[in-house]
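Asker: The following file, my_file37.txt, comprises compact mmCIF, C-alpha atoms:
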# COMPACT_ATOMS: atom_id res chain seq x y z
CA MET A 287 -23.72 59.32 39.09
CA THR A 288 -24.13 57.45 35.79
CA ARG A 289 -27.53 56.06 34.81
CA ARG A 290 -26.11 52.53 34.82
CA LEU A 291 -24.79 52.92 38.36
CA ALA A 292 -28.06 54.51 39.46
CA ALA A 293 -29.98 51.59 38.00
CA LEU A 294 -27.71 49.12 39.81
CA LEU A 295 -28.13 50.83 43.19
CA ALA A 296 -31.86 51.24 42.69
CA LEU A 297 -32.41 47.62 41.71
CA ASN A 298 -30.43 46.42 44.70
CA CYS A 299 -32.71 48.47 46.94
CA ALA A 300 -35.88 47.32 45.17
CA LEU A 301 -35.09 43.63 45.54
CA GLY A 302 -33.63 43.91 49.01
CA THR A 303 -30.78 41.71 47.78
CA ALA A 304 -27.76 42.35 45.60
CA VAL A 305 -28.48 42.13 41.88
CA ALA A 306 -25.50 40.77 39.95
CA ALA A 307 -23.23 43.70 39.12
CA ASP A 308 -22.47 42.52 35.61
CA THR A 309 -26.22 42.32 34.83
CA ALA A 310 -27.05 45.87 35.93
CA ASP A 311 -23.80 47.31 34.63
CA ASP A 312 -24.64 45.98 31.17
CA PHE A 313 -27.93 47.90 31.11
CA ASP A 314 -28.15 51.41 29.67
CA ILE A 315 -31.36 53.31 30.30
CA LEU A 316 -32.63 54.04 26.78
CA GLN A 317 -33.59 57.68 27.01
CA PRO A 318 -35.06 59.37 23.88
CA LEU A 319 -32.67 59.66 20.94
CA GLN A 320 -34.12 63.00 19.77
CA ASP A 321 -37.24 65.05 20.43
CA GLN A 322 -38.72 65.07 16.91
CA PRO A 323 -39.63 62.33 14.40
CA GLY A 324 -37.17 61.97 11.54
CA LYS A 325 -34.06 60.14 10.45
CA LEU A 326 -31.28 59.33 12.90
CA ASP A 327 -27.83 60.61 11.99
CA SER A 328 -25.74 58.56 14.40
CA GLY A 329 -25.73 55.69 16.83
CA GLU A 330 -26.84 52.08 16.52
CA HIS A 331 -29.99 53.02 14.60
CA ALA A 332 -28.34 55.57 12.26
CA GLY A 333 -30.16 55.76 8.95
CA ASP A 334 -33.42 54.53 10.41
CA TYR A 335 -36.43 56.71 10.82
CA TYR A 336 -37.24 57.46 14.45
CA VAL A 337 -40.40 58.33 16.35
CA PRO A 338 -40.14 59.45 19.99
CA SER A 339 -43.06 59.41 22.41
CA THR A 340 -43.91 63.05 23.07
CA VAL A 341 -47.11 64.96 23.78
CA ASP A 342 -47.28 65.62 20.02
CA THR A 343 -46.67 62.04 18.85
CA VAL A 344 -48.85 59.99 21.22
CA ARG A 345 -52.48 59.37 22.09
CA TRP A 346 -53.32 58.32 25.62
CA GLY A 347 -56.05 55.70 25.59
CA TYR A 348 -57.01 55.94 21.92
CA LEU A 349 -55.87 54.63 18.53
CA PRO A 350 -55.45 56.85 15.49
CA ASN A 351 -58.47 56.84 13.16
CA LYS A 352 -58.47 57.54 9.43
CA SER A 353 -58.52 61.32 9.96
CA ALA A 354 -55.40 61.31 12.15
CA GLU A 355 -52.48 63.45 11.00
CA PRO A 356 -49.29 61.38 10.59
CA VAL A 357 -46.32 62.34 12.74
CA LEU A 358 -44.00 61.04 10.01
CA THR A 359 -44.32 59.79 6.41
CA VAL A 360 -41.91 57.14 5.10
CA PRO A 361 -41.42 55.22 1.85
CA SER A 362 -42.35 51.55 1.69
CA GLY A 363 -39.62 49.29 3.04
CA SER A 364 -38.46 51.80 5.63
CA THR A 365 -37.16 50.77 9.03
CA VAL A 366 -38.65 52.84 11.84
CA THR A 367 -37.49 52.83 15.46
CA PHE A 368 -40.18 53.76 17.99
CA ASP A 369 -39.44 54.71 21.60
CA THR A 370 -42.59 53.55 23.38
CA ILE A 371 -43.72 54.21 26.94
CA SER A 372 -45.47 51.71 29.17
CA HIS A 373 -48.62 52.97 30.85
CA GLU A 374 -47.74 51.02 34.00
CA GLY A 375 -46.19 53.32 36.58
CA ILE A 376 -47.79 56.47 35.14
CA LEU A 377 -51.56 55.87 35.46
CA GLU A 378 -53.82 57.72 37.89
CA ASP A 379 -54.11 54.75 40.25
CA GLN A 380 -50.30 54.90 40.47
CA GLY A 381 -50.24 58.67 41.03
CA ARG A 382 -49.53 59.88 37.46
CA ASP A 383 -45.97 60.56 38.62
CA PRO A 384 -43.42 57.94 37.53
CA VAL A 385 -40.57 59.49 39.53
CA ALA A 386 -42.51 59.19 42.80
CA TYR A 387 -44.04 55.82 41.89
CA PHE A 388 -40.76 54.14 41.01
CA ALA A 389 -38.89 55.87 43.86
CA ASP A 390 -41.20 53.90 46.15
CA LYS A 391 -39.81 50.75 44.46
CA GLY A 392 -36.22 51.89 44.99
CA ILE A 393 -35.66 53.29 41.49
CA ALA A 394 -33.62 56.49 41.24
CA GLU A 395 -34.90 59.38 39.11
CA GLU A 396 -31.98 58.88 36.72
CA ALA A 397 -33.42 55.46 35.86
CA VAL A 398 -36.89 56.81 35.00
CA LEU A 399 -37.54 57.72 31.36
CA ASP A 400 -37.50 61.43 30.52
CA ASP A 401 -40.41 61.03 28.07
CA ALA A 402 -42.59 59.30 30.68
CA ILE A 403 -41.91 62.17 33.08
CA ALA A 404 -42.72 64.78 30.41
CA ILE A 405 -46.01 63.19 29.35
CA THR A 406 -47.34 62.75 32.88
CA ALA A 407 -46.33 66.31 33.80
CA SER A 408 -48.08 67.71 30.70
CA ASP A 409 -51.69 68.79 30.20
CA LEU A 410 -52.40 65.71 28.08
CA GLU A 411 -55.88 64.67 29.16
CA HIS A 412 -56.63 61.14 30.34
CA ASP A 413 -59.83 59.82 31.91
CA PHE A 414 -58.88 56.76 33.97
CA ALA A 415 -62.48 55.48 34.09
CA ASN A 416 -63.33 55.75 30.39
CA ASP A 417 -60.17 56.02 28.29
CA GLY A 418 -57.89 53.13 27.49
CA PRO A 419 -54.73 53.02 29.61
CA HIS A 420 -52.23 52.78 26.76
CA ILE A 421 -49.74 55.31 25.42
CA VAL A 422 -50.04 54.81 21.63
CA THR A 423 -47.21 56.23 19.50
CA GLY A 424 -47.77 57.40 15.92
CA PRO A 425 -49.24 57.24 13.41
CA VAL A 426 -46.66 56.83 10.68
CA ALA A 427 -47.91 57.08 7.10
CA VAL A 428 -46.48 54.84 4.38
CA GLU A 429 -46.22 56.51 0.98
CA GLY A 430 -48.73 55.20 -1.56
CA ALA A 431 -50.79 53.08 0.84
CA GLU A 432 -54.48 53.04 -0.04
CA PRO A 433 -57.53 51.19 1.27
CA GLY A 434 -57.47 47.61 0.01
CA ASP A 435 -53.68 47.34 0.29
CA VAL A 436 -51.87 45.41 3.02
CA LEU A 437 -49.15 46.68 5.36
CA LYS A 438 -46.43 44.14 6.14
CA VAL A 439 -44.72 44.85 9.47
CA GLU A 440 -41.52 43.01 10.35
CA VAL A 441 -40.40 43.08 13.98
CA VAL A 442 -36.67 43.68 13.57
CA LYS A 443 -35.56 44.37 17.13
CA LEU A 444 -37.09 44.88 20.59
CA GLU A 445 -35.00 46.44 23.37
CA PRO A 446 -36.16 47.05 26.96
CA ARG A 447 -35.63 50.72 27.74
CA VAL A 448 -35.58 50.21 31.52
CA PRO A 449 -34.60 47.24 33.71
CA TYR A 450 -38.00 46.92 35.40
CA GLY A 451 -41.69 46.46 34.70
CA VAL A 452 -45.07 46.24 36.41
CA ILE A 453 -47.94 43.71 36.48
CA SER A 454 -51.36 45.08 37.49
CA ASN A 455 -54.76 43.79 38.60
CA ARG A 456 -57.60 46.32 38.76
CA HIS A 457 -61.13 46.24 40.10
CA GLY A 458 -63.76 45.12 37.59
CA LYS A 459 -61.11 43.85 35.19
CA GLY A 460 -59.02 40.75 34.56
CA ALA A 461 -60.20 37.13 34.44
CA LEU A 462 -61.63 37.23 37.98
CA PRO A 463 -63.47 40.55 38.36
CA GLY A 464 -65.23 40.79 41.70
CA GLU A 465 -62.79 38.29 43.24
CA PHE A 466 -59.50 40.12 42.69
CA PRO A 467 -58.09 42.54 43.76
CA LYS A 468 -58.98 41.81 47.37
CA LYS A 469 -58.05 45.33 48.47
CA GLU A 470 -60.99 47.58 49.29
CA GLN A 471 -62.02 50.42 46.97
CA LYS A 472 -62.69 53.77 48.63
CA ASP A 473 -64.64 56.86 47.61
CA ASP A 474 -63.20 59.64 45.46
CA PRO A 475 -60.06 57.97 44.09
CA SER A 476 -57.71 60.23 42.12
CA SER A 477 -54.08 60.64 41.13
CA GLU A 478 -53.70 62.66 44.34
CA HIS A 479 -55.08 59.70 46.32
CA PRO A 480 -54.20 56.63 44.21
CA GLU A 481 -54.53 54.27 47.18
CA ARG A 482 -58.31 54.82 47.12
CA TYR A 483 -58.60 52.84 43.87
CA GLY A 484 -57.71 49.66 45.76
CA ASN A 485 -55.87 48.30 42.72
CA VAL A 486 -52.80 46.08 42.93
CA SER A 487 -49.60 46.65 40.94
CA ILE A 488 -46.62 44.35 41.36
CA PHE A 489 -43.11 45.65 40.60
CA SER A 490 -40.74 43.30 38.77
CA PRO A 491 -37.09 44.07 37.98
CA ILE A 492 -35.59 42.29 34.97
CA GLU A 493 -32.07 40.98 34.44
CA ARG A 494 -29.98 39.56 31.63
CA ASP A 495 -28.31 36.15 31.84
CA GLY A 496 -26.15 35.74 28.74
CA ASP A 497 -28.48 36.20 25.78
CA ASP A 498 -31.60 35.59 27.87
CA TRP A 499 -33.73 37.95 29.96
CA TYR A 500 -35.58 37.11 33.17
CA GLY A 501 -38.14 38.82 35.37
CA LEU A 502 -37.82 38.74 39.16
CA LEU A 503 -40.64 38.71 41.72
CA ASP A 504 -39.96 39.06 45.43
CA ALA A 505 -41.97 36.29 47.14
CA GLY A 506 -40.76 37.16 50.66
CA ASP A 507 -38.62 35.24 53.11
CA GLY A 508 -35.63 35.59 50.79
CA ARG A 509 -37.42 33.80 47.94
CA THR A 510 -37.41 35.09 44.36
CA ILE A 511 -39.53 33.91 41.44
CA ARG A 512 -37.37 34.06 38.29
CA TYR A 513 -39.20 33.68 34.97
CA PRO A 514 -38.11 34.03 31.32
CA LEU A 515 -39.00 37.06 29.22
CA HIS A 516 -40.28 37.12 25.64
CA PRO A 517 -40.75 40.76 24.59
CA PHE A 518 -43.42 41.77 22.09
CA MET A 519 -45.58 44.78 21.26
CA GLY A 520 -49.10 44.42 22.63
CA ILE A 521 -50.39 47.11 20.27
CA MET A 522 -49.53 47.35 16.60
CA GLY A 523 -51.90 48.17 13.77
CA VAL A 524 -53.26 50.54 11.17
CA ALA A 525 -56.04 53.11 11.38
CA PRO A 526 -59.61 51.80 11.07
CA ASP A 527 -62.08 53.25 8.58
CA THR A 528 -63.81 55.63 10.98
CA THR A 529 -63.60 59.23 12.14
CA ASP A 530 -64.97 58.32 15.58
CA PRO A 531 -62.66 58.05 18.61
CA VAL A 532 -61.24 54.51 18.86
CA ASN A 533 -60.61 53.25 22.40
CA SER A 534 -57.25 51.50 22.70
CA VAL A 535 -58.52 48.51 24.71
CA PRO A 536 -60.47 46.19 22.35
CA PRO A 537 -58.43 44.52 19.57
CA GLN A 538 -59.79 44.82 16.04
CA ARG A 539 -59.37 43.21 12.63
CA ILE A 540 -56.90 45.99 11.74
CA GLY A 541 -54.78 45.24 14.80
CA GLY A 542 -54.69 47.37 17.90
CA ASN A 543 -54.45 45.69 21.29
CA ALA A 544 -54.11 42.12 19.99
CA ASP A 545 -51.73 40.98 22.78
CA ILE A 546 -50.43 37.94 20.85
CA ASN A 547 -47.26 36.89 22.61
CA ASP A 548 -45.91 34.92 19.64
CA LEU A 549 -45.40 38.14 17.64
CA GLY A 550 -42.02 39.00 19.08
CA GLU A 551 -38.66 39.74 17.52
CA GLY A 552 -38.30 38.07 14.10
CA SER A 553 -42.04 37.84 13.46
CA THR A 554 -44.07 39.47 10.69
CA VAL A 555 -47.63 40.81 10.86
CA TYR A 556 -49.91 41.70 7.95
CA TYR A 557 -52.63 44.34 8.36
CA PRO A 558 -55.48 45.27 5.97
CA VAL A 559 -55.20 48.95 5.06
CA GLU A 560 -58.39 50.98 5.54
CA ALA A 561 -57.05 54.55 5.43
CA ALA A 562 -54.80 56.48 3.07
CA GLY A 563 -51.20 56.10 4.23
CA ALA A 564 -52.13 53.07 6.37
CA LEU A 565 -51.34 55.17 9.50
CA PHE A 566 -49.36 52.64 11.52
CA TYR A 567 -48.98 52.95 15.30
CA THR A 568 -47.58 50.90 18.18
CA GLY A 569 -47.43 50.82 21.97
CA ASP A 570 -48.35 48.71 25.02
CA SER A 571 -44.95 47.04 25.07
CA HIS A 572 -44.74 43.78 27.01
CA PHE A 573 -41.62 42.18 28.44
CA THR A 574 -43.54 38.90 28.62
CA GLN A 575 -47.12 37.64 28.84
CA GLY A 576 -48.80 34.35 29.59
CA ASP A 577 -51.64 33.27 27.29
CA GLY A 578 -54.83 34.75 28.70
CA GLU A 579 -53.13 37.69 30.49
CA VAL A 580 -55.40 36.76 33.40
CA ALA A 581 -54.50 39.45 36.00
CA LEU A 582 -55.25 42.21 33.44
CA THR A 583 -51.76 43.20 32.33
CA ALA A 584 -48.65 41.33 31.32
CA LEU A 585 -45.23 42.32 32.61
CA GLU A 586 -45.48 45.79 31.10
CA GLY A 587 -42.34 47.79 30.42
CA SER A 588 -41.19 50.51 28.04
CA MET A 589 -39.59 49.27 24.81
CA ARG A 590 -37.52 50.54 21.89
CA ALA A 591 -39.12 48.80 18.90
CA THR A 592 -37.47 48.71 15.49
CA LEU A 593 -39.94 47.71 12.77
CA ARG A 594 -39.83 47.51 8.97
CA LEU A 595 -42.94 48.81 7.17
CA THR A 596 -43.57 47.47 3.66
CA LEU A 597 -46.57 48.19 1.46
CA LEU A 598 -48.17 45.29 -0.41
CA GLU A 599 -50.35 46.82 -3.09
CA SER A 600 -53.73 45.35 -3.92
CA GLY A 601 -53.66 43.38 -7.16
CA LYS A 602 -49.88 43.78 -7.58
CA ASP A 603 -48.27 41.81 -4.76
CA ASP A 604 -48.76 38.22 -3.62
CA LEU A 605 -50.45 37.95 -0.26
CA PRO A 606 -50.43 35.04 2.18
CA GLY A 607 -53.78 33.30 1.96
CA GLU A 608 -54.55 35.32 -1.21
CA SER A 609 -56.12 38.09 0.88
CA VAL A 610 -55.65 39.73 4.25
CA ASP A 611 -58.93 40.99 5.67
CA LYS A 612 -57.84 40.59 9.31
CA LEU A 613 -54.44 40.80 10.98
CA LEU A 614 -52.34 37.74 10.16
CA GLY A 615 -49.12 36.79 11.91
CA GLU A 616 -46.09 34.85 10.70
CA THR A 617 -42.99 33.47 12.35
CA GLY A 618 -40.28 31.18 11.04
CA ASP A 619 -42.30 28.17 12.21
CA TYR A 620 -45.96 29.22 12.10
CA TRP A 621 -48.74 31.07 10.39
CA ILE A 622 -50.84 32.78 13.08
CA THR A 623 -54.53 33.25 12.33
CA VAL A 624 -56.75 35.23 14.68
CA GLY A 625 -60.30 35.12 16.02
CA LEU A 626 -61.90 38.04 17.88
CA ASP A 627 -65.21 38.43 19.70
CA PRO A 628 -66.52 39.67 23.07
CA ASP A 629 -67.66 36.06 23.65
CA LEU A 630 -64.74 33.62 24.01
CA ASP A 631 -66.70 30.78 22.36
CA MET A 632 -67.42 33.01 19.36
CA ALA A 633 -63.77 34.12 19.22
CA MET A 634 -62.83 30.44 18.99
CA LYS A 635 -65.27 29.89 16.12
CA ASP A 636 -63.91 32.99 14.38
CA ALA A 637 -60.34 31.66 14.70
CA VAL A 638 -61.32 28.25 13.32
CA ARG A 639 -63.16 29.79 10.36
CA GLU A 640 -60.22 32.09 9.59
CA SER A 641 -57.81 29.15 9.82
CA ILE A 642 -59.91 27.08 7.41
CA ARG A 643 -60.09 30.01 4.99
CA PHE A 644 -56.35 30.55 5.16
CA LEU A 645 -55.46 26.88 4.58
CA HIS A 646 -57.98 26.57 1.74
CA GLN A 647 -56.76 29.66 -0.08
CA HIS A 648 -53.04 29.56 0.75
CA TYR A 649 -52.39 25.84 0.29
CA ASP A 650 -55.36 24.99 -1.97
CA ILE A 651 -56.70 22.20 0.20
CA ASP A 652 -60.32 21.16 0.69
CA GLU A 653 -62.10 22.94 3.55
CA ALA A 654 -63.17 19.67 5.20
CA LEU A 655 -59.58 18.46 5.06
CA ALA A 656 -58.42 21.79 6.51
CA LEU A 657 -60.77 21.36 9.48
CA ALA A 658 -59.57 17.81 10.02
CA TYR A 659 -55.95 18.94 9.91
CA LEU A 660 -56.60 21.75 12.38
CA SER A 661 -58.27 19.33 14.78
CA ALA A 662 -55.35 16.91 14.63
CA ALA A 663 -52.33 19.18 14.44
CA THR A 664 -52.95 22.83 15.36
CA ASP A 665 -52.92 24.52 18.76
CA PHE A 666 -55.49 27.25 19.36
CA GLU A 667 -54.32 29.54 22.14
CA VAL A 668 -56.16 32.16 24.19
CA SER A 669 -54.36 35.41 23.38
CA GLN A 670 -56.13 37.34 26.15
CA VAL A 671 -59.48 37.40 27.96
CA VAL A 672 -59.22 40.87 29.54
CA ASP A 673 -59.56 43.43 26.71
CA LYS A 674 -63.36 43.47 26.24
CA THR A 675 -62.98 41.76 22.85
CA LYS A 676 -61.37 38.40 23.56
CA GLY A 677 -58.74 36.83 21.32
CA ILE A 678 -57.92 33.31 20.14
CA HIS A 679 -55.03 32.61 17.79
CA ALA A 680 -54.03 29.46 15.94
CA LEU A 681 -50.45 28.29 15.36
CA ILE A 682 -50.43 26.61 11.94
CA ARG A 683 -47.12 24.77 11.56
CA LYS A 684 -45.39 25.59 8.26
CA SER A 685 -43.27 22.42 8.22
CA ASP A 686 -46.41 20.30 7.77
CA PHE A 687 -46.77 21.78 4.28
CA GLU A 688 -43.25 21.34 2.94
CA ASP A 689 -44.57 19.48 -0.13
CA PHE A 690 -46.74 22.45 -1.08
CA ASP A 691 -45.49 25.06 -3.54
CA THR A 692 -46.70 28.54 -2.61
CA ASP A 693 -45.39 31.90 -3.76
CA ALA A 694 -46.46 33.70 -0.59
CA ASP A 695 -44.09 31.99 1.86
CA SER A 696 -42.06 35.17 2.03
CA GLY A 697 -41.82 35.85 5.72
CA PRO A 698 -39.13 35.43 8.38
CA ASP A 699 -37.56 32.22 7.01
CA ALA A 700 -37.81 32.92 3.29
CA ASP A 701 -34.64 32.77 1.21
Spell out the structure here as structure tokens.
Answerer:
Amino acid sequence: MTRRLAALLALNCALGTAVAADTADDFDILQPLQDQPGKLDSGEHAGDYYVPSTVDTVRWGYLPNKSAEPVLTVPSGSTVTFDTISHEGILEDQGRDPVAYFADKGIAEEAVLDDAIAITASDLEHDFANDGPHIVTGPVAVEGAEPGDVLKVEVVKLEPRVPYGVISNRHGKGALPGEFPKKEQKDDPSSEHPERYGNVSIFSPIERDGDDWYGLLDAGDGRTIRYPLHPFMGIMGVAPDTTDPVNSVPPQRIGGNADINDLGEGSTVYYPVEAAGALFYTGDSHFTQGDGEVALTALEGSMRATLRLTLLESGKDDLPGESVDKLLGETGDYWITVGLDPDLDMAMKDAVRESIRFLHQHYDIDEALALAYLSAATDFEVSQVVDKTKGIHALIRKSDFEDFDTDADSGPDAD
């Protein structure tokens, strides 16, 4: 049985209704391309560097710190394809067995990722109560990167590796802890008895319709919720200046679990380098996410992410806003400034201050005028409220500054 046919049969079973044959037949399960980091010799990504997710190339629940050993070193300007693994479907409250977990949803073993199976079957330690949930792939060192530099990361391509994802709500987490989930917790939960956690995970197949992707939720009585997808990487960043363990949950100024849904395919993100080599990593791939991410997770699903890593050297290269001391996003239409704080009100203030700084330095406008402009013309969105440190990001419209001459407009829409 081919993987495509297995996926078709499994999805039909999972939904309880027939999924369009042309949709499932168009989907190839994206199994690992090779088992070691390095250049690819053939296939769609030939010539790119490649990083698989293996026991030797991932951290479960933690980000690389400045003492982390790179799994690969590449020159500036390199394109790197990462095969990332979603944590949903492999965690302890789901049995730490993706074959069994997804079989319960009607997914055949042939449609489960080999690397997810290998990691969960390994001795890789993970403490469900204290570690972050995420599988973080990397780090990749960029030749010549030093503290004070900036790493420019362009999101070239994002490809779902499997035609399904999971949305989860867990006790003590999300926007409504203590109210949801409504299932009862029991004593001594474990991967052997995942039902005792009392957590709720909702399975969602995805399908393609022309050039667009949609998620599907079974609402019962023959009803299906069909919603558009917008893939992005929830975690991207560089190593912070510490040798202490760095939990993968709270976002930081150097990136990490920022969960900004505007940073999808075609976007660019700038990160302040704090460690030699920059030590870039990624993971926590999302098929789509609403602002706030209120349940706890987005529609989480494993992704093949192709990214271009370019070093901007301190004092030698022009930087947007003259300096990048905190992650900064860019799309064809917007600059994306970020505020972070455990208190949502303080995160909002942080985002406003960063937006004023950016407008003042990048476009050379008065700070009072920048604040007035932001109040009249800029949307501030809640990135997420569920990752301990809360996030607010501003969407500063580039077209409002067409009369301004800046040398740093060099992102997705630059000539």
Asker: If we count all atoms listed in the file, what is near Glu560 of chain A at a cut-off of 6 Å, once residues fewer than 5 positions away on the same chain are taken out, given as a ChimeraX atom specification?
Answerer: /A:433,526-527
Asker: For Thr583 of chain A, please output as a ChimeraX atom specification all residues within 12 Å (counting all atoms listed in the file; exclusion window: fewer than 2 positions along the same chain).
Answerer: /A:372-374,419-420,451-456,459-461,486-488,520,535,543,545,570-581,585-587,670-673
Asker: Only C-alpha atoms, please: the residues just picked out, written as a PDB file, keeping the file's coordinate frame.
Answerer:
ATOM      1  CA  SER A 372     -45.470  51.710  29.170  1.00  0.00           C
ATOM      2  CA  HIS A 373     -48.620  52.970  30.850  1.00  0.00           C
ATOM      3  CA  GLU A 374     -47.740  51.020  34.000  1.00  0.00           C
ATOM      4  CA  PRO A 419     -54.730  53.020  29.610  1.00  0.00           C
ATOM      5  CA  HIS A 420     -52.230  52.780  26.760  1.00  0.00           C
ATOM      6  CA  GLY A 451     -41.690  46.460  34.700  1.00  0.00           C
ATOM      7  CA  VAL A 452     -45.070  46.240  36.410  1.00  0.00           C
ATOM      8  CA  ILE A 453     -47.940  43.710  36.480  1.00  0.00           C
ATOM      9  CA  SER A 454     -51.360  45.080  37.490  1.00  0.00           C
ATOM     10  CA  ASN A 455     -54.760  43.790  38.600  1.00  0.00           C
ATOM     11  CA  ARG A 456     -57.600  46.320  38.760  1.00  0.00           C
ATOM     12  CA  LYS A 459     -61.110  43.850  35.190  1.00  0.00           C
ATOM     13  CA  GLY A 460     -59.020  40.750  34.560  1.00  0.00           C
ATOM     14  CA  ALA A 461     -60.200  37.130  34.440  1.00  0.00           C
ATOM     15  CA  VAL A 486     -52.800  46.080  42.930  1.00  0.00           C
ATOM     16  CA  SER A 487     -49.600  46.650  40.940  1.00  0.00           C
ATOM     17  CA  ILE A 488     -46.620  44.350  41.360  1.00  0.00           C
ATOM     18  CA  GLY A 520     -49.100  44.420  22.630  1.00  0.00           C
ATOM     19  CA  VAL A 535     -58.520  48.510  24.710  1.00  0.00           C
ATOM     20  CA  ASN A 543     -54.450  45.690  21.290  1.00  0.00           C
ATOM     21  CA  ASP A 545     -51.730  40.980  22.780  1.00  0.00           C
ATOM     22  CA  ASP A 570     -48.350  48.710  25.020  1.00  0.00           C
ATOM     23  CA  SER A 571     -44.950  47.040  25.070  1.00  0.00           C
ATOM     24  CA  HIS A 572     -44.740  43.780  27.010  1.00  0.00           C
ATOM     25  CA  PHE A 573     -41.620  42.180  28.440  1.00  0.00           C
ATOM     26  CA  THR A 574     -43.540  38.900  28.620  1.00  0.00           C
ATOM     27  CA  GLN A 575     -47.120  37.640  28.840  1.00  0.00           C
ATOM     28  CA  GLY A 576     -48.800  34.350  29.590  1.00  0.00           C
ATOM     29  CA  ASP A 577     -51.640  33.270  27.290  1.00  0.00           C
ATOM     30  CA  GLY A 578     -54.830  34.750  28.700  1.00  0.00           C
ATOM     31  CA  GLU A 579     -53.130  37.690  30.490  1.00  0.00           C
ATOM     32  CA  VAL A 580     -55.400  36.760  33.400  1.00  0.00           C
ATOM     33  CA  ALA A 581     -54.500  39.450  36.000  1.00  0.00           C
ATOM     34  CA  LEU A 585     -45.230  42.320  32.610  1.00  0.00           C
ATOM     35  CA  GLU A 586     -45.480  45.790  31.100  1.00  0.00           C
ATOM     36  CA  GLY A 587     -42.340  47.790  30.420  1.00  0.00           C
ATOM     37  CA  GLN A 670     -56.130  37.340  26.150  1.00  0.00           C
ATOM     38  CA  VAL A 671     -59.480  37.400  27.960  1.00  0.00           C
ATOM     39  CA  VAL A 672     -59.220  40.870  29.540  1.00  0.00           C
ATOM     40  CA  ASP A 673     -59.560  43.430  26.710  1.00  0.00           C
TER      41      ASP A 673
END
Asker: For Leu626 of chain A, work out the shell of residues within 7 Å, counting all atoms listed in the file and skipping chain neighbours fewer than 6 positions away, then give it as a ChimeraX atom specification.
Answerer: /A:633,636,675-678
Asker: Write out as number ranges by chain each polymer residue whose atoms come within 9 Å of Arg482 of chain A, counting only C-alpha atoms; drop sequence neighbours fewer than 5 positions from it.
Answerer: A: 379, 470-476
Asker: Need to verify the contact set: Leu597 of chain A, 7 Å, all atoms listed in the file, exclusion of same-chain residues closer than 2 positions in sequence. Can you return it as an mmCIF file with C-alpha atoms, in the coordinates of the input?
Answerer:
data_model
loop_
_atom_site.group_PDB
_atom_site.id
_atom_site.type_symbol
_atom_site.label_atom_id
_atom_site.label_comp_id
_atom_site.auth_asym_id
_atom_site.auth_seq_id
_atom_site.Cartn_x
_atom_site.Cartn_y
_atom_site.Cartn_z
ATOM 1 C CA SER A 362 -42.350 51.550 1.690
ATOM 2 C CA ALA A 431 -50.790 53.080 0.840
ATOM 3 C CA VAL A 436 -51.870 45.410 3.020
ATOM 4 C CA LEU A 437 -49.150 46.680 5.360
ATOM 5 C CA LYS A 438 -46.430 44.140 6.140
ATOM 6 C CA LEU A 595 -42.940 48.810 7.170
ATOM 7 C CA GLU A 599 -50.350 46.820 -3.090
#
